Amino acid sequence: MSSNSSNRPVWNQPESTYPQTGLKVFNSLTKSKVPFVPREGNNVSWYGCGPTVYDAAHMGHACSYVTFDIIRRIMEDYIGYDMSVVMNITDVDDKVILRARQKYLLKQYQDDASLSPEQVVGD
């Protein structure tokens, strides 16, 4: 891939055999909106990053699923693409391990009946 004057790789809009839909996406390479063109006719493969869950569920987790699902439904039901969709859910990372260790140690500390109030305040 060659480069342009700003040291970014040159990007060429792919050609499509499927009729243009008017759907545009942000191209982070060109820093502009470009027409969405499926790689193979009407078939769209979409991989999306889901939430990293390391504590109690909250509205932010639901936002990932709802947004992802709304866009998928628009692309399938209104535009007519054949979608193949995958979303990951990261369940183990350093934050998960650290949070579990902290909760375990706190529980162990709280369960230690030999602690005096002065020792708890001192800690």
# chains A, B, ... in the order shown; residues from 1 in each chain; ligands from 1
$ residues_around --residues "Arg39 of chain A" --least-positions-apart "6" --cutoff "9 Å" --atoms "only C-alpha atoms" --output "number ranges by chain"
A: 14-16, 45
$ write_last_selection --atoms "all heavy atoms" --output "compact mmCIF listing (two decimals), in the first residue's frame"
# COMPACT_ATOMS: atom_id res chain seq x y z
N PRO A 14 -13.93 0.85 -2.52
CA PRO A 14 -14.21 -0.40 -3.25
C PRO A 14 -15.40 -0.21 -4.19
O PRO A 14 -16.27 0.62 -3.94
CB PRO A 14 -14.55 -1.40 -2.15
CG PRO A 14 -14.44 -0.69 -0.86
CD PRO A 14 -14.13 0.73 -1.10
N GLU A 15 -15.42 -1.01 -5.23
CA GLU A 15 -16.56 -0.99 -6.14
C GLU A 15 -17.61 -1.95 -5.62
O GLU A 15 -17.30 -2.94 -4.98
CB GLU A 15 -16.12 -1.37 -7.54
CG GLU A 15 -15.20 -0.33 -8.16
CD GLU A 15 -14.85 -0.68 -9.60
OE1 GLU A 15 -15.61 -1.43 -10.25
OE2 GLU A 15 -13.82 -0.19 -10.06
N SER A 16 -18.86 -1.65 -5.93
CA SER A 16 -19.96 -2.47 -5.44
C SER A 16 -20.83 -2.96 -6.60
O SER A 16 -21.09 -2.21 -7.54
CB SER A 16 -20.82 -1.67 -4.48
OG SER A 16 -21.95 -2.42 -4.09
N SER A 45 -20.48 -8.83 6.89
CA SER A 45 -19.95 -9.46 8.10
C SER A 45 -19.56 -8.34 9.05
O SER A 45 -18.82 -7.43 8.67
CB SER A 45 -18.71 -10.30 7.79
OG SER A 45 -19.06 -11.36 6.94
$ residues_around --residues "segment 87-99 of chain A" --least-positions-apart "3" --cutoff "8 Å" --atoms "only C-alpha atoms" --output "number ranges by chain"
A: 47-55, 102-103
$ write_last_selection --atoms "C-alpha atoms" --output "compact mmCIF listing (two decimals), in the first residue's frame"
# COMPACT_ATOMS: atom_id res chain seq x y z
CA TYR A 47 -17.68 -7.85 14.33
CA GLY A 48 -18.39 -5.56 17.25
CA CYS A 49 -16.69 -5.11 20.58
CA GLY A 50 -19.07 -5.64 23.46
CA PRO A 51 -18.73 -4.64 27.09
CA THR A 52 -16.03 -5.68 29.52
CA VAL A 53 -18.05 -6.88 32.48
CA TYR A 54 -16.21 -6.80 35.78
CA ASP A 55 -18.86 -5.72 38.24
CA GLN A 102 -10.04 -7.00 46.50
CA LYS A 103 -13.48 -8.36 47.35
$ select_by_dssp --residues "chain A" --states "strand (DSSP E or B)" --output "CSV table (one decimal) with all heavy atoms, in the first residue's frame"
chain,number,residue,atom,x,y,z
A,3,SER,N,1.7,5.5,0.2
A,3,SER,CA,1.3,6.5,1.1
A,3,SER,C,1.1,7.8,0.4
A,3,SER,O,1.6,8.1,-0.7
A,3,SER,CB,2.4,6.7,2.2
A,3,SER,OG,2.5,5.6,3.0
A,9,PRO,N,-1.6,5.7,4.6
A,9,PRO,CA,-1.8,4.8,3.4
A,9,PRO,C,-2.9,5.4,2.5
A,9,PRO,O,-3.9,5.9,3.0
A,9,PRO,CB,-2.1,3.5,4.0
A,9,PRO,CG,-1.7,3.5,5.4
A,9,PRO,CD,-1.8,5.0,5.8
A,24,LYS,N,-23.7,5.8,4.9
A,24,LYS,CA,-22.3,6.2,5.0
A,24,LYS,C,-21.7,5.9,6.4
A,24,LYS,O,-22.4,5.8,7.4
A,24,LYS,CB,-22.2,7.7,4.8
A,24,LYS,CG,-22.6,8.2,3.4
A,24,LYS,CD,-22.2,9.6,3.2
A,24,LYS,CE,-22.5,9.9,1.7
A,24,LYS,NZ,-21.9,11.2,1.3
A,25,VAL,N,-20.4,5.6,6.3
A,25,VAL,CA,-19.7,5.3,7.6
A,25,VAL,C,-18.5,6.2,7.7
A,25,VAL,O,-18.0,6.7,6.6
A,25,VAL,CB,-19.2,3.8,7.6
A,25,VAL,CG1,-20.4,2.9,7.7
A,25,VAL,CG2,-18.4,3.5,6.4
A,26,PHE,N,-18.0,6.4,8.9
A,26,PHE,CA,-16.8,7.2,9.1
A,26,PHE,C,-15.5,6.4,8.8
A,26,PHE,O,-15.3,5.3,9.4
A,26,PHE,CB,-16.7,7.8,10.5
A,26,PHE,CG,-15.5,8.7,10.7
A,26,PHE,CD1,-15.5,10.0,10.2
A,26,PHE,CD2,-14.5,8.3,11.4
A,26,PHE,CE1,-14.5,10.8,10.3
A,26,PHE,CE2,-13.4,9.1,11.6
A,26,PHE,CZ,-13.4,10.4,11.1
A,27,ASN,N,-14.7,6.8,7.9
A,27,ASN,CA,-13.5,6.1,7.5
A,27,ASN,C,-12.4,6.8,8.4
A,27,ASN,O,-12.0,7.9,8.1
A,27,ASN,CB,-13.2,6.2,6.0
A,27,ASN,CG,-11.9,5.5,5.6
A,27,ASN,OD1,-11.0,5.4,6.4
A,27,ASN,ND2,-11.9,5.0,4.4
A,32,SER,N,-13.0,10.9,7.0
A,32,SER,CA,-14.2,11.4,6.3
A,32,SER,C,-15.3,10.3,6.2
A,32,SER,O,-15.0,9.1,6.4
A,32,SER,CB,-13.8,11.9,4.9
A,32,SER,OG,-13.4,10.7,4.1
A,33,LYS,N,-16.5,10.8,5.9
A,33,LYS,CA,-17.6,9.8,5.7
A,33,LYS,C,-17.5,9.3,4.3
A,33,LYS,O,-17.3,10.1,3.3
A,33,LYS,CB,-18.9,10.5,6.0
A,33,LYS,CG,-19.2,10.8,7.4
A,33,LYS,CD,-20.5,11.4,7.6
A,33,LYS,CE,-20.7,11.8,9.1
A,33,LYS,NZ,-22.0,12.5,9.2
A,34,VAL,N,-17.7,8.0,4.1
A,34,VAL,CA,-17.7,7.4,2.8
A,34,VAL,C,-18.9,6.5,2.6
A,34,VAL,O,-19.4,6.0,3.6
A,34,VAL,CB,-16.3,6.6,2.5
A,34,VAL,CG1,-15.1,7.6,2.6
A,34,VAL,CG2,-16.2,5.5,3.6
A,35,PRO,N,-19.3,6.2,1.4
A,35,PRO,CA,-20.4,5.3,1.2
A,35,PRO,C,-20.0,3.9,1.7
A,35,PRO,O,-18.9,3.4,1.5
A,35,PRO,CB,-20.6,5.3,-0.3
A,35,PRO,CG,-20.0,6.5,-0.8
A,35,PRO,CD,-18.9,6.8,0.1
A,40,GLU,N,-18.9,-8.4,-0.4
A,40,GLU,CA,-19.4,-9.4,-1.3
A,40,GLU,C,-20.9,-9.2,-1.6
A,40,GLU,O,-21.7,-9.7,-0.8
A,40,GLU,CB,-19.2,-10.8,-0.8
A,40,GLU,CG,-17.7,-11.1,-0.6
A,40,GLU,CD,-17.5,-12.5,0.0
A,40,GLU,OE1,-18.5,-13.3,0.1
A,40,GLU,OE2,-16.4,-12.8,0.3
A,43,ASN,N,-23.9,-9.3,1.2
A,43,ASN,CA,-23.5,-9.9,2.4
A,43,ASN,C,-22.6,-9.0,3.2
A,43,ASN,O,-21.6,-8.5,2.7
A,43,ASN,CB,-22.8,-11.2,2.2
A,43,ASN,CG,-23.6,-12.2,1.4
A,43,ASN,OD1,-24.8,-12.4,1.7
A,43,ASN,ND2,-23.1,-12.9,0.4
A,44,VAL,N,-23.0,-8.8,4.5
A,44,VAL,CA,-22.2,-8.0,5.4
A,44,VAL,C,-21.8,-8.8,6.6
A,44,VAL,O,-22.6,-9.4,7.3
A,44,VAL,CB,-23.0,-6.7,5.9
A,44,VAL,CG1,-22.2,-5.9,6.9
A,44,VAL,CG2,-23.4,-5.9,4.7
A,45,SER,N,-20.5,-8.8,6.9
A,45,SER,CA,-19.9,-9.5,8.1
A,45,SER,C,-19.6,-8.3,9.0
A,45,SER,O,-18.8,-7.4,8.7
A,45,SER,CB,-18.7,-10.3,7.8
A,45,SER,OG,-19.1,-11.4,6.9
A,46,TRP,N,-20.1,-8.4,10.3
A,46,TRP,CA,-19.8,-7.3,11.2
A,46,TRP,C,-19.4,-7.9,12.6
A,46,TRP,O,-20.0,-8.7,13.2
A,46,TRP,CB,-21.1,-6.6,11.4
A,46,TRP,CG,-21.0,-5.4,12.3
A,46,TRP,CD1,-19.9,-4.8,12.9
A,46,TRP,CD2,-22.2,-4.6,12.8
A,46,TRP,NE1,-20.3,-3.7,13.7
A,46,TRP,CE2,-21.6,-3.6,13.6
A,46,TRP,CE3,-23.5,-4.7,12.6
A,46,TRP,CZ2,-22.5,-2.7,14.3
A,46,TRP,CZ3,-24.3,-3.8,13.3
A,46,TRP,CH2,-23.8,-2.8,14.1
A,47,TYR,N,-18.2,-7.5,13.0
A,47,TYR,CA,-17.7,-7.9,14.3
A,47,TYR,C,-17.7,-6.6,15.2
A,47,TYR,O,-17.2,-5.6,14.8
A,47,TYR,CB,-16.2,-8.4,14.2
A,47,TYR,CG,-15.6,-8.6,15.6
A,47,TYR,CD1,-15.9,-9.8,16.3
A,47,TYR,CD2,-14.8,-7.7,16.2
A,47,TYR,CE1,-15.3,-10.0,17.5
A,47,TYR,CE2,-14.3,-7.9,17.4
A,47,TYR,CZ,-14.6,-9.1,18.1
A,47,TYR,OH,-14.0,-9.3,19.3
A,48,GLY,N,-18.3,-6.7,16.4
A,48,GLY,CA,-18.4,-5.6,17.2
A,48,GLY,C,-17.9,-5.9,18.6
A,48,GLY,O,-18.1,-7.0,19.1
A,49,CYS,N,-17.2,-4.9,19.2
A,49,CYS,CA,-16.7,-5.1,20.6
A,49,CYS,C,-17.8,-4.9,21.6
A,49,CYS,O,-18.5,-3.8,21.5
A,49,CYS,CB,-15.6,-4.1,20.9
A,49,CYS,SG,-14.1,-4.4,19.9
A,50,GLY,N,-18.0,-5.8,22.4
A,50,GLY,CA,-19.1,-5.6,23.5
A,50,GLY,C,-18.5,-5.1,24.7
A,50,GLY,O,-17.3,-4.7,24.8
A,51,PRO,N,-19.2,-5.2,25.8
A,51,PRO,CA,-18.7,-4.6,27.1
A,51,PRO,C,-17.7,-5.5,27.8
A,51,PRO,O,-17.6,-6.7,27.5
A,51,PRO,CB,-20.0,-4.6,27.9
A,51,PRO,CG,-20.8,-5.7,27.4
A,51,PRO,CD,-20.6,-5.7,25.9
A,52,THR,N,-16.9,-4.9,28.6
A,52,THR,CA,-16.0,-5.7,29.5
A,52,THR,C,-16.7,-5.7,30.9
A,52,THR,O,-16.9,-4.6,31.5
A,52,THR,CB,-14.6,-5.0,29.6
A,52,THR,OG1,-14.0,-5.0,28.3
A,52,THR,CG2,-13.8,-5.8,30.6
A,82,ASP,N,-27.8,-8.9,4.0
A,82,ASP,CA,-27.7,-10.2,4.7
A,82,ASP,C,-26.6,-10.1,5.7
A,82,ASP,O,-25.4,-10.1,5.3
A,82,ASP,CB,-27.5,-11.4,3.7
A,82,ASP,CG,-28.6,-11.6,2.8
A,82,ASP,OD1,-29.8,-11.4,3.2
A,82,ASP,OD2,-28.4,-11.9,1.6
A,83,MET,N,-27.0,-10.1,7.0
A,83,MET,CA,-26.0,-9.8,8.0
A,83,MET,C,-25.5,-11.0,8.7
A,83,MET,O,-26.2,-11.9,9.0
A,83,MET,CB,-26.6,-8.9,9.1
A,83,MET,CG,-27.2,-7.6,8.6
A,83,MET,SD,-25.9,-6.4,8.1
A,83,MET,CE,-25.1,-6.0,9.7
A,84,SER,N,-24.2,-11.1,8.9
A,84,SER,CA,-23.5,-12.1,9.8
A,84,SER,C,-22.9,-11.3,10.9
A,84,SER,O,-21.9,-10.6,10.7
A,84,SER,CB,-22.5,-12.9,9.0
A,84,SER,OG,-21.9,-13.8,9.8
A,85,VAL,N,-23.4,-11.4,12.1
A,85,VAL,CA,-23.0,-10.5,13.2
A,85,VAL,C,-22.4,-11.3,14.4
A,85,VAL,O,-22.9,-12.3,14.8
A,85,VAL,CB,-24.2,-9.7,13.7
A,85,VAL,CG1,-23.9,-8.7,14.8
A,85,VAL,CG2,-24.9,-8.9,12.5
A,86,VAL,N,-21.3,-10.7,14.9
A,86,VAL,CA,-20.7,-11.3,16.1
A,86,VAL,C,-20.3,-10.2,17.1
A,86,VAL,O,-19.9,-9.1,16.6
A,86,VAL,CB,-19.4,-12.0,15.7
A,86,VAL,CG1,-18.6,-12.5,17.0
A,86,VAL,CG2,-19.6,-13.2,14.8
A,87,MET,N,-20.6,-10.4,18.3
A,87,MET,CA,-20.2,-9.4,19.4
A,87,MET,C,-19.5,-10.2,20.5
A,87,MET,O,-20.0,-11.2,21.0
A,87,MET,CB,-21.4,-8.7,20.0
A,87,MET,CG,-21.1,-7.7,21.1
A,87,MET,SD,-22.4,-7.1,22.0
A,87,MET,CE,-22.8,-5.7,21.1
A,88,ASN,N,-18.4,-9.7,20.9
A,88,ASN,CA,-17.7,-10.3,22.0
A,88,ASN,C,-18.1,-9.7,23.3
A,88,ASN,O,-18.6,-8.6,23.4
A,88,ASN,CB,-16.1,-10.2,21.8
A,88,ASN,CG,-15.6,-8.8,22.2
A,88,ASN,OD1,-16.2,-7.8,21.9
A,88,ASN,ND2,-14.5,-8.8,22.9
A,89,ILE,N,-17.9,-10.5,24.3
A,89,ILE,CA,-18.1,-10.0,25.7
A,89,ILE,C,-16.8,-10.4,26.5
A,89,ILE,O,-16.5,-11.6,26.6
A,89,ILE,CB,-19.3,-10.6,26.4
A,89,ILE,CG1,-20.5,-10.3,25.6
A,89,ILE,CG2,-19.4,-10.2,27.8
A,89,ILE,CD1,-21.8,-11.0,26.1
A,90,THR,N,-16.0,-9.4,26.8
A,90,THR,CA,-14.8,-9.7,27.5
A,90,THR,C,-15.1,-9.9,29.0
A,90,THR,O,-15.7,-9.1,29.7
A,90,THR,CB,-13.8,-8.5,27.5
A,90,THR,OG1,-13.6,-8.2,26.1
A,90,THR,CG2,-12.5,-8.8,28.1
$ closest_residue --among "A:Ala57, A:Leu106, A:Leu115, A:Ile79" --to "Phe36 of chain A" --atoms "only C-alpha atoms"
A:Ile79
$ atom_distance --atom1 "atom CA of Ala100 of chain A" --atom2 "atom CA of His61 of chain A"
19.3 Å
$ atom_distance --atom1 "atom CA of Pro38 of chain A" --atom2 "atom CA of Thr67 of chain A"
20.3 Å
$ closest_residue --among "A:Leu105, A:Ile70, A:Val37, A:Val10" --to "Leu23 of chain A" --atoms "only C-alpha atoms"
A:Val37
$ select_by_dssp --residues "chain A" --states "helix (DSSP H, G or I)" --output "VMD selection string"
chain A and resid 59 to 79 94 to 111 117 to 122
$ atom_distance --atom1 "atom CA of Trp11 of chain A" --atom2 "atom CA of Ser28 of chain A"
10.7 Å
$ residues_around --residues "Tyr78 of chain A" --least-positions-apart "5" --cutoff "10 Å" --atoms "only C-alpha atoms" --output "PyMOL selection string"
chain A and resi 21+72-73
